[in-house]
Amino acid sequence: MMEPTLSLYELNHLVRSVLETTMSRQYWVEAEISELRENRGHCYMDLVQRDEMMNTPIARAQARCWHTQWVEVGHKFYSQAQQSLRPGLKVRLRVYPQFHEAYGFAWIVTDIDPTFTLGDILKRRQEIVRTLKAQGVFDLQRELSLPLFCQRIAVISSAQAAGYGDFCQQLEHNDGGYAFHIELFPAIMQGEQTEQSIIDALDAIYARQEGARLQGQECPYDCVVIVRGGGATSDLSAFDSLLLAQNVANFPLPIITGIGHDRDECILDMVAHLRVKTPTAAAAHLIERLAQTDRRLQLLQQRSAHLARHCVEMQLQRLSHLNDSLPTLAALLLTRRQHQLLSLGQRAESAVNACLQRQAARLDALKARLPKATERLLGDSRHRLEMLSLRCNALDPLPLLQRGYSLTLLEGRSIHSVKQLSPGCQITTRLADGTFLSIVEEAFPQERSKQQQPKCRKT
């Protein structure tokens, strides 16, 4: 016997009947929204559960929230979480199963628990904060300081954002008339590309700073301002990013955030140098800081002028006092100089008299010593003359000449060797009773035969 065959509609209707009979109550379920879209007032969600270790989906399901219920559920979540439902959020939903013969199975959402999602968001933020603190970068931005003259601003924002326009207008039309130089680095401020777009803008600013530093030029920016105006609160999830927070925390310039929300503080706000509520608040802070510097300079100028006037007044009083006391001081100085001159004159006179007395005593002593010294000097001189006379007599050649010796001279000098003579030279021979001249014809050394005597010709 052939088993009965059901049509697809009958089979699906059977499944529907079984579900409605066996799963008639509602269930609370925890899941992550992977996709969310609205169509004609209804909300369609794709739910997923991921493995905690591998982060891979281990369960998937479709969920629907019909128009009448979606208005209540969406408003409830927004009012408590201050953001709309979006992909990536973990939610706790109250659902019941529904199987439609034509559209298949889906979970129908009737309620939501916003506190669960807030707890999950807070948990993720706390985890990011713990990671940043463990890396030692959470407070790096707060260690930086804004320059006193913070006027060169690098802005990261969308060129079409109303917040950027408000920021620029606030700076350009400030009451103090301060000049600010603003340069925009465009970025996508909502959506999935927000994180990478802001990081690219930070990289561009850093490259500009480093290029100027390597060329020995002044750094072009004093601080960075990240502004975002308007937009859905759900778009703020991009600012709860670990990678973006790391880039901001490690950036070498102070970063001010004004991304248009004041109730929740995102991770980007936590690691920034300064967090303000709105773009206009960021501009107001920069204006006020410059105004404070201006007031400080004015105060210093006033104090400098006061000190200068006080110094001039003191010097004038001193000059007046010196002018009044000048005659007395001059008379006193003159009297002192007169006493000094008188004392010096007396001392000079005493010194001269003492010197004269010493010289007179010295002359008397020399006068007494002079006869003996003269006599002793004359005796020494006579003795010296006698000695010189004896030496002269000993050196006188006349006695030798008288004894038969002769003295031969060549050009006025005595001859000691025949090597001094040459044929044809004229010599002078001195005897005891006269002299005669001779011309040398030949000179014989002592080694030659003693019979060969030099031949001389008398003149």
# chains A, B, ... in the order shown; residues from 1 in each chain; ligands from 1
>>> select_by_dssp(residues="range 72-206 of chain A", states="strand (DSSP E)", output="PyMOL selection string")
chain A and resi 90-100+104-112+152-157+181-186
>>> write_last_selection(atoms="C-alpha atoms", output="compact mmCIF listing (two decimals), in the first residue's frame")
# COMPACT_ATOMS: atom_id res chain seq x y z
CA LYS A 90 24.35 41.52 21.24
CA VAL A 91 20.68 41.57 22.28
CA ARG A 92 18.27 39.75 24.54
CA LEU A 93 14.91 39.37 22.76
CA ARG A 94 11.58 37.96 23.76
CA VAL A 95 10.39 35.81 20.84
CA TYR A 96 7.96 33.13 19.84
CA PRO A 97 8.26 30.77 16.85
CA GLN A 98 6.24 31.27 13.70
CA PHE A 99 6.17 29.10 10.61
CA HIS A 100 4.36 30.41 7.55
CA GLY A 104 9.07 29.67 6.17
CA PHE A 105 10.28 29.82 9.77
CA ALA A 106 11.12 32.98 11.75
CA TRP A 107 11.24 34.14 15.34
CA ILE A 108 8.75 36.94 16.03
CA VAL A 109 10.12 39.60 18.36
CA THR A 110 7.74 40.98 20.96
CA ASP A 111 10.08 42.59 23.52
CA ILE A 112 13.73 43.51 24.15
CA ARG A 152 47.33 75.76 13.77
CA ILE A 153 44.59 73.15 13.79
CA ALA A 154 44.43 69.88 11.82
CA VAL A 155 40.76 68.84 11.62
CA ILE A 156 39.53 65.32 10.92
CA SER A 157 35.92 65.42 9.76
CA HIS A 181 44.78 78.33 10.61
CA ILE A 182 42.59 75.30 9.88
CA GLU A 183 43.43 72.43 7.53
CA LEU A 184 40.88 69.69 6.89
CA PHE A 185 41.84 66.04 6.54
CA PRO A 186 38.62 64.50 5.13
>>> closest_residue(among="A:Pro87, A:Gly163, A:Gly404, A:Gly74", to="Val48 in chain A", atoms="only C-alpha atoms")
A:Pro87
>>> select_by_dssp(residues="range 90-124 of chain A", states="alpha helix (DSSP H)", output="number ranges by chain")
A: 114-124
>>> residues_around(residues="range 128-137 of chain A", least_positions_apart="5", cutoff="8 Å", atoms="only C-alpha atoms", output="list of chain:residue names")
A:Ser241, A:Leu242, A:Gln246, A:Ala249, A:Asn250, A:Ile267
>>> write_last_selection(atoms="C-alpha atoms", output="tab-separated table (two decimals), in the first residue's frame")
chain	number	residue	atom	x	y	z
A	241	SER	CA	37.46	50.61	18.40
A	242	LEU	CA	40.66	49.22	19.91
A	246	GLN	CA	45.65	52.78	19.88
A	249	ALA	CA	46.66	57.27	22.18
A	250	ASN	CA	50.07	56.99	20.48
A	267	ILE	CA	36.65	54.85	23.91
>>> residues_around(residues="Asp240 in chain A", least_positions_apart="5", cutoff="9 Å", atoms="only C-alpha atoms", output="JSON, numbers by chain")
{"A": [124, 125, 128, 245, 266, 267, 268]}
>>> write_last_selection(atoms="C-alpha atoms", output="PDB file, in the first residue's frame")
ATOM      1  CA  ARG A 124      33.516  45.339  25.486  1.00  0.00           C
ATOM      2  CA  ARG A 125      34.536  48.882  26.418  1.00  0.00           C
ATOM      3  CA  ILE A 128      39.351  47.610  25.423  1.00  0.00           C
ATOM      4  CA  ALA A 245      42.062  54.063  20.219  1.00  0.00           C
ATOM      5  CA  CYS A 266      33.163  56.359  23.844  1.00  0.00           C
ATOM      6  CA  ILE A 267      36.649  54.846  23.912  1.00  0.00           C
ATOM      7  CA  LEU A 268      37.941  57.547  21.589  1.00  0.00           C
TER       8      LEU A 268
END
>>> closest_residue(among="A:Ile205, A:Leu148, A:Leu322, A:Leu437", to="Arg296 in chain A", atoms="only C-alpha atoms")
A:Leu148
>>> closest_residue(among="A:Leu341, A:Ala204, A:Val225, A:Leu334", to="Ala283 in chain A", atoms="only C-alpha atoms")
A:Val225
>>> atom_distance(atom1="CA of Glu288 in chain A", atom2="CA of Val271 in chain A")
22.4 Å
>>> atom_distance(atom1="CA of Leu144 in chain A", atom2="CA of Met270 in chain A")
14.5 Å
>>> atom_distance(atom1="CA of Ala282 in chain A", atom2="CA of Glu195 in chain A")
20.9 Å
>>> closest_residue(among="A:Ala212, A:Ser24, A:Pro57, A:Trp66", to="Gly41 in chain A", atoms="only C-alpha atoms")
A:Trp66
